[in-house]
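Single-structure report; data block below.
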Amino acid sequence: MGEKKQLQKKELEITSGKIIVDRFDQEKGKIVLGQDEILTIFLLPKFPHLTKVLNVFLKGEGSRLEVLGALVGRKSETSRIEINIIHQGLSTSSYAHSRSVLFDQSRAYFSGLIKIEKGANKTASLLETRALILGDQAHCESVPSLEIEADDVKASHAATVGKLDETQLFYLQSRGIDVHTATRMLIEGFFEPVLRRVSDEKAAAEIRGEIWTDVLKG
Amino acid sequence: MSKNKDLENLKSSYKLGFSVPEDYVFKSRKGLNQKVVEEISYIKNEPTWMRNFRLKSYQTFLKRQLPGWGGNLSEIDFGDIYYYLKPVEKESRNWEDLPPGIRETYDRIGVPEAEKKYLAGVKGQYESEVIYGSLMKSLSDKGVVFLGMDEGLKKYPDLVKEYFGTVVPPADNKFSALNSSVWSGGSFIYVPKGVKINLPLQAYFRINAANMGQFERTLIIADEDSFVHYVEGCSAPTYSTDSLHSAVVEIIVKRGARVRYTTIQNWSTNVYNLVTKRAKVAGDGVMEWVDFNGGSKLTMKYPSVYLMEPGAHGEILSLAFAGSGQHQDAGGKAVHVSPNTTSQIISKSVSLNGGRTSYRGLLQILPGAKGSRSKVVCDALILDSRSRSDTYPTMKIEESDVSVEHEATVSKVGEEQLFYLESRGIPEARAESLIVSGFVEPIVKQLPLEYAVELNRLIELQMEGSVG
């Protein structure tokens, strides 16, 4: 209970539902969503070495969850994120999308589980992770799992790991933009799909600012 | 009562569930100890290194724990299994020379007929030993070797010693250690440089006795720029007690060679199928696994490709069907060791009537494997509310200059698709079966026509009465 209260402090009211910006000052989080409850959680890690285990139960009928994440890894920073999304109620939906940029020797371990329990029909669930590896020694591990025990559902996950798109980089450089600026522009663009989902402009600006500070830090 | 009825139903749909009376040259005592291992080696009159290999592996087997993941292995009683069963004195070149029971079994499965029509060579393994073998003369003239593993060890001791246990070491897991200590039968294939075998080589594995353990061991060496397609099939009688099938398959793909390994797994639903399959691929080599799992009680099998040199390519096509009481824990592994290597894993699974399918996979890119690319796609269909589907993919990326994509989807049969077909006057059951056939099509079309027909028939059998 205390845990939930702490999280609620950082809530910002937005039109589509609540948004929690989670800066990982709690290692574990458990959230239970009631009927028709809508929640957005934005994961914005602030510590060089951190672990986060987040369990969200979509218990109430019609509840909806959105987990967004933006992570910037520097030097030998290591992050471990485990997200378990458990669908228990009817007609629930979840969307999880996390993007990481890994510089230097940074490491990111991500494990995400979508579990749809028996009887939790009419469920739609998507889990997406994207990582951009920029450091020669950077390392990324991703285990996006699905456990589906109901049949009237749709559950998907997608994951990609790669480097910066060289044709995009070349294009920008051919327009007279130096390689550092071009790289930063592409990183900014890389985070855009998760930032765009935050409908509250004030919250989005705040998050954008924090990510930017992290990117420029190096 | 109802359990017996279930078994009866099962027997009627599983056409290969018959058994013939046992009349064997040698049957080891039930259970496993050092003496049984020594006995197997003694009967086979093996060189000392192999005997020691077995004994060392047996110690590893005792030490290793059962895997804590995957299916339920706790019901396997290692003391209640026959580890070695020798059905005949030696391998035959003619089906007519085999005892009538064995000959009849293979006739009913249809192996001799297939051999005449479209195979370059055949091995038949019955219980622990290879009892029949053939190879087209044109191929043996070119230096192609297709032998039972035991015969391979006798005739090509140096080649076997050089490669045996190098791709899958005995200590890899508990079941590879078990296989390494009691292995018997399996195929030994050597394809010389530049030789391309156009027709498939086939091995057919049959378990006949109850409480049987079958531990075949296969080693395929494809020399530079060669090609071979190896197909294996399997079946067993339906008993109320469980049998164990635990094979090890090792494949060496040399520079520029291509190996395709197709499995059509159709064990009866009282067989534990716990198999380790792995290929090491050299520069510009290609390894393709086409893996269909339709039978067995529990299958745990993840064909792997280790891409050792630049330009190596690995492909894994996995198709699983889990019906009542079945758990198919299948998938694949691709390990990129060198730069500019590529891999693709495509998995499709269907669970129905309370069955469970799990995709379990690993994609690993080691440091320095620059320019590697990989794509993993897993799709699953769940046909009813009693069934279950899991996806457990692991991606370990330790190199920045790579491109990795993974996607997975679990869903039911599309209502729009069903509605469309029904609106065209196709009954629901037929429509669902059509949609499932379309779903598995990308993998089925990779099979030679005869096997595709067989596979479609197996799928239709599984689907029978699934809509109720």
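Letters A, B, ... go to the chains of the structure tokens in the order shown; residues in each chain start at 1; ligands are counted from 1 in the same order.
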
With a distance cut-off of 12 Å and only C-alpha atoms, select the neighbouring residues of range 168-174 of chain B, excluding the residue or stretch itself and same-chain residues fewer than 6 positions from it, and output the selection as a compact mmCIF listing (two decimals) with N, CA and C atoms, in the first residue's frame.
```
# COMPACT_ATOMS: atom_id res chain seq x y z
N PHE B 53 34.51 -43.18 -23.16
CA PHE B 53 33.63 -42.05 -23.45
C PHE B 53 32.26 -42.30 -22.81
N ARG B 54 31.77 -43.54 -22.98
CA ARG B 54 30.46 -43.90 -22.42
C ARG B 54 30.48 -43.83 -20.89
N LEU B 55 31.53 -44.41 -20.30
CA LEU B 55 31.57 -44.48 -18.83
C LEU B 55 31.69 -43.09 -18.21
N LYS B 56 32.50 -42.24 -18.85
CA LYS B 56 32.66 -40.88 -18.35
C LYS B 56 31.33 -40.12 -18.47
N SER B 57 30.66 -40.33 -19.61
CA SER B 57 29.38 -39.66 -19.82
C SER B 57 28.34 -40.13 -18.80
N TYR B 58 28.41 -41.40 -18.43
CA TYR B 58 27.46 -41.93 -17.44
C TYR B 58 27.63 -41.21 -16.10
N GLN B 59 28.89 -40.95 -15.72
CA GLN B 59 29.14 -40.21 -14.47
C GLN B 59 28.56 -38.79 -14.58
N THR B 60 28.73 -38.18 -15.76
CA THR B 60 28.17 -36.83 -15.96
C THR B 60 26.65 -36.87 -15.84
N PHE B 61 26.06 -37.92 -16.43
CA PHE B 61 24.60 -38.06 -16.37
C PHE B 61 24.13 -38.10 -14.91
N LEU B 62 24.86 -38.87 -14.08
CA LEU B 62 24.46 -38.98 -12.67
C LEU B 62 24.56 -37.64 -11.96
N LYS B 63 25.59 -36.87 -12.32
CA LYS B 63 25.82 -35.60 -11.62
C LYS B 63 24.85 -34.50 -12.04
N ARG B 64 24.50 -34.49 -13.32
CA ARG B 64 23.70 -33.37 -13.82
C ARG B 64 22.25 -33.43 -13.32
N GLN B 65 21.71 -32.24 -13.06
CA GLN B 65 20.31 -32.12 -12.65
C GLN B 65 19.41 -32.09 -13.88
N LEU B 66 18.16 -32.45 -13.68
CA LEU B 66 17.17 -32.26 -14.74
C LEU B 66 16.98 -30.76 -14.94
N PRO B 67 16.73 -30.32 -16.16
CA PRO B 67 16.50 -28.88 -16.35
C PRO B 67 15.29 -28.42 -15.54
N GLY B 68 15.41 -27.21 -14.98
CA GLY B 68 14.34 -26.68 -14.15
C GLY B 68 13.29 -25.93 -14.95
N LEU B 73 9.30 -33.07 -16.29
CA LEU B 73 10.13 -34.26 -16.47
C LEU B 73 10.11 -35.15 -15.24
N SER B 180 25.11 -40.04 -24.60
CA SER B 180 26.52 -40.36 -24.81
C SER B 180 26.93 -41.64 -24.08
N SER B 181 26.23 -41.98 -23.01
CA SER B 181 26.61 -43.20 -22.29
C SER B 181 25.92 -44.45 -22.84
N VAL B 182 24.72 -44.34 -23.36
CA VAL B 182 24.01 -45.56 -23.81
C VAL B 182 23.61 -45.51 -25.29
N TRP B 183 24.23 -44.63 -26.06
CA TRP B 183 23.80 -44.46 -27.45
C TRP B 183 23.89 -45.78 -28.22
N ARG B 217 22.17 -41.90 -32.23
CA ARG B 217 23.21 -40.88 -32.28
C ARG B 217 23.55 -40.65 -33.74
N THR B 218 23.40 -39.45 -34.21
CA THR B 218 23.64 -39.20 -35.63
C THR B 218 24.76 -38.19 -35.82
N LEU B 219 25.63 -38.49 -36.77
CA LEU B 219 26.73 -37.59 -37.09
C LEU B 219 26.75 -37.39 -38.61
N SER B 246 15.71 -40.20 -26.62
CA SER B 246 16.64 -39.12 -26.33
C SER B 246 17.84 -39.23 -27.26
N ALA B 247 17.79 -38.49 -28.36
CA ALA B 247 18.82 -38.58 -29.39
C ALA B 247 19.79 -37.42 -29.28
N VAL B 248 20.95 -37.62 -29.90
CA VAL B 248 21.88 -36.52 -30.10
C VAL B 248 22.23 -36.49 -31.58
N VAL B 249 22.14 -35.32 -32.19
CA VAL B 249 22.46 -35.17 -33.60
C VAL B 249 23.54 -34.10 -33.73
N GLU B 250 24.64 -34.48 -34.38
CA GLU B 250 25.75 -33.54 -34.58
C GLU B 250 25.98 -33.37 -36.07
N ILE B 251 26.09 -32.13 -36.49
CA ILE B 251 26.27 -31.87 -37.92
C ILE B 251 27.45 -30.92 -38.14
N ILE B 252 28.32 -31.31 -39.05
CA ILE B 252 29.46 -30.47 -39.41
C ILE B 252 29.22 -30.00 -40.84
N LEU B 274 13.23 -36.07 -25.94
CA LEU B 274 14.15 -35.08 -25.38
C LEU B 274 15.45 -35.16 -26.15
N VAL B 275 15.62 -34.26 -27.10
CA VAL B 275 16.63 -34.43 -28.12
C VAL B 275 17.54 -33.20 -28.19
N THR B 276 18.84 -33.43 -28.38
CA THR B 276 19.78 -32.32 -28.58
C THR B 276 20.31 -32.37 -30.01
N LYS B 277 20.05 -31.31 -30.77
CA LYS B 277 20.46 -31.26 -32.17
C LYS B 277 21.24 -29.99 -32.41
N ARG B 278 22.42 -30.14 -33.03
CA ARG B 278 23.23 -28.93 -33.19
C ARG B 278 24.09 -29.04 -34.44
N ALA B 279 24.34 -27.92 -35.08
CA ALA B 279 25.19 -27.90 -36.27
C ALA B 279 26.23 -26.81 -36.13
N LYS B 280 27.46 -27.13 -36.56
CA LYS B 280 28.51 -26.12 -36.64
C LYS B 280 28.72 -25.80 -38.10
N PRO B 303 16.67 -27.27 -32.13
CA PRO B 303 17.77 -27.41 -33.08
C PRO B 303 18.59 -26.13 -33.13
N SER B 304 19.91 -26.27 -33.16
CA SER B 304 20.77 -25.10 -33.04
C SER B 304 21.73 -24.97 -34.21
N VAL B 305 22.09 -23.74 -34.51
CA VAL B 305 23.15 -23.49 -35.48
C VAL B 305 24.21 -22.61 -34.83
N TYR B 306 25.45 -23.04 -34.93
CA TYR B 306 26.59 -22.25 -34.47
C TYR B 306 27.31 -21.77 -35.72
```

Inset, instruction - Pull out every residue of chain A that has at least one atom within 8 Å of chain B, counting only C-alpha atoms, and report them as number ranges by chain. - result: A: 118-119, 133-163

Inset, instruction - Just give me the gap between CA of Ala120 in chain A and CA of Ser63 in chain A in Å, one decimal is fine. - result: 11.6 Å

Inset, instruction - List every residue of range 29-270 of chain B that DSSP, applied to the backbone of this structure, places in alpha helix (DSSP H), and write the result as a ChimeraX atom specification. - result: /B:34-43,48-63,100-109,111-118,137-141,149-155,157-163,174-182

Legend entry - Spatial neighbours of Ser243 in chain B, 6 Å, only C-alpha atoms, chain gap at least 3 places, as a ChimeraX atom specification: /B:211-213,271

Could those selected residues go to a file with N, CA and C atoms, as a CSV table (one decimal), in the first residue's frame?
```csv
chain,number,residue,atom,x,y,z
B,211,ASN,N,8.0,-49.4,-22.4
B,211,ASN,CA,9.1,-48.9,-21.5
B,211,ASN,C,10.5,-48.9,-22.2
B,212,MET,N,10.5,-48.6,-23.4
B,212,MET,CA,11.7,-48.6,-24.2
B,212,MET,C,12.4,-47.3,-24.2
B,213,GLY,N,13.7,-47.3,-24.1
B,213,GLY,CA,14.5,-46.1,-24.3
B,213,GLY,C,15.3,-46.2,-25.6
B,271,VAL,N,5.3,-41.0,-25.4
B,271,VAL,CA,6.8,-41.0,-25.6
B,271,VAL,C,7.3,-39.6,-25.1
```

Legend entry - range 38-163 of chain A: residues DSSP assigns to strand (DSSP E or B), reported as JSON, numbers by chain: {"A": [38, 39, 40, 41, 42, 43, 49, 50, 51, 52, 53, 54, 55, 56, 57, 58, 64, 65, 66, 67, 68, 69, 70, 71, 72, 73, 78, 79, 80, 81, 82, 83, 84, 85, 86, 87, 93, 94, 95, 96, 97, 98, 99, 100, 101, 102, 107, 108, 109, 110, 111, 112, 113, 114, 115, 116, 123, 124, 125, 126, 127, 128, 129, 130, 131, 132, 133, 139, 140, 141, 142, 143, 144, 145, 146, 147, 148, 153, 154, 155, 156, 157, 158, 159, 160, 161, 162]}

Inset, instruction - Mind giving me the straight-line distance from CA of Ile316 in chain B to CA of Phe205 in chain B in Å, one decimal? - result: 22.0 Å

Inset, instruction - Would you kindly return, as an MDAnalysis selection string, each protein, DNA or RNA residue with an atom no farther than 9 Å from any atom of Glu224 in chain B, considering only C-alpha atoms and excluding same-chain residues fewer than 6 positions away? - result: chainID B and resid 191:195 253:258 285

Legend entry - Long-range neighbours of Leu54 in chain A as a ChimeraX atom specification, 7 Å cut-off, only C-alpha atoms, 5 positions minimum in chain: /A:28-30,82-84

What does the file look like for those residues with N, CA, C and O atoms, as an mmCIF file, in the first residue's frame?
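Result saved to again_21.cif:
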```
data_model
loop_
_atom_site.group_PDB
_atom_site.id
_atom_site.type_symbol
_atom_site.label_atom_id
_atom_site.label_comp_id
_atom_site.auth_asym_id
_atom_site.auth_seq_id
_atom_site.Cartn_x
_atom_site.Cartn_y
_atom_site.Cartn_z
ATOM 1 N N LYS A 28 10.839 -2.306 -6.442
ATOM 2 C CA LYS A 28 9.717 -3.158 -6.834
ATOM 3 C C LYS A 28 8.429 -2.353 -6.878
ATOM 4 O O LYS A 28 8.227 -1.448 -6.076
ATOM 5 N N GLY A 29 7.585 -2.687 -7.808
ATOM 6 C CA GLY A 29 6.307 -2.015 -7.857
ATOM 7 C C GLY A 29 5.210 -3.013 -8.175
ATOM 8 O O GLY A 29 5.404 -3.923 -8.976
ATOM 9 N N LYS A 30 4.091 -2.865 -7.483
ATOM 10 C CA LYS A 30 2.969 -3.730 -7.805
ATOM 11 C C LYS A 30 1.743 -2.850 -7.972
ATOM 12 O O LYS A 30 1.446 -2.020 -7.112
ATOM 13 N N GLU A 82 12.429 -5.706 -15.283
ATOM 14 C CA GLU A 82 11.537 -6.847 -15.464
ATOM 15 C C GLU A 82 10.107 -6.335 -15.359
ATOM 16 O O GLU A 82 9.720 -5.753 -14.355
ATOM 17 N N ILE A 83 9.349 -6.519 -16.417
ATOM 18 C CA ILE A 83 7.950 -6.075 -16.390
ATOM 19 C C ILE A 83 7.048 -7.278 -16.593
ATOM 20 O O ILE A 83 7.202 -8.011 -17.576
ATOM 21 N N ASN A 84 6.167 -7.522 -15.661
ATOM 22 C CA ASN A 84 5.198 -8.603 -15.810
ATOM 23 C C ASN A 84 3.803 -8.008 -15.885
ATOM 24 O O ASN A 84 3.362 -7.333 -14.963
#
```

Legend entry - For Ala70 in chain A: contacts at 6 Å, only C-alpha atoms, fewer than 4 positions along chain excluded, given as a list in words: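 Within the cut-off, the hits are Leu44, Ser98, Arg99 and Ser100 of chain A.
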
Take the residues from that selection and put them in a file with C-alpha atoms, as a PDB file, in the first residue's frame.
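What follows is the written file again-v6.pdb:
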```pdb
ATOM      1  CA  LEU A  44      12.654   6.922 -16.868  1.00  0.00           C
ATOM      2  CA  SER A  98      10.490   0.598 -24.310  1.00  0.00           C
ATOM      3  CA  ARG A  99      13.408   2.141 -26.191  1.00  0.00           C
ATOM      4  CA  SER A 100      17.036   2.106 -25.111  1.00  0.00           C
TER       5      SER A 100
END
```
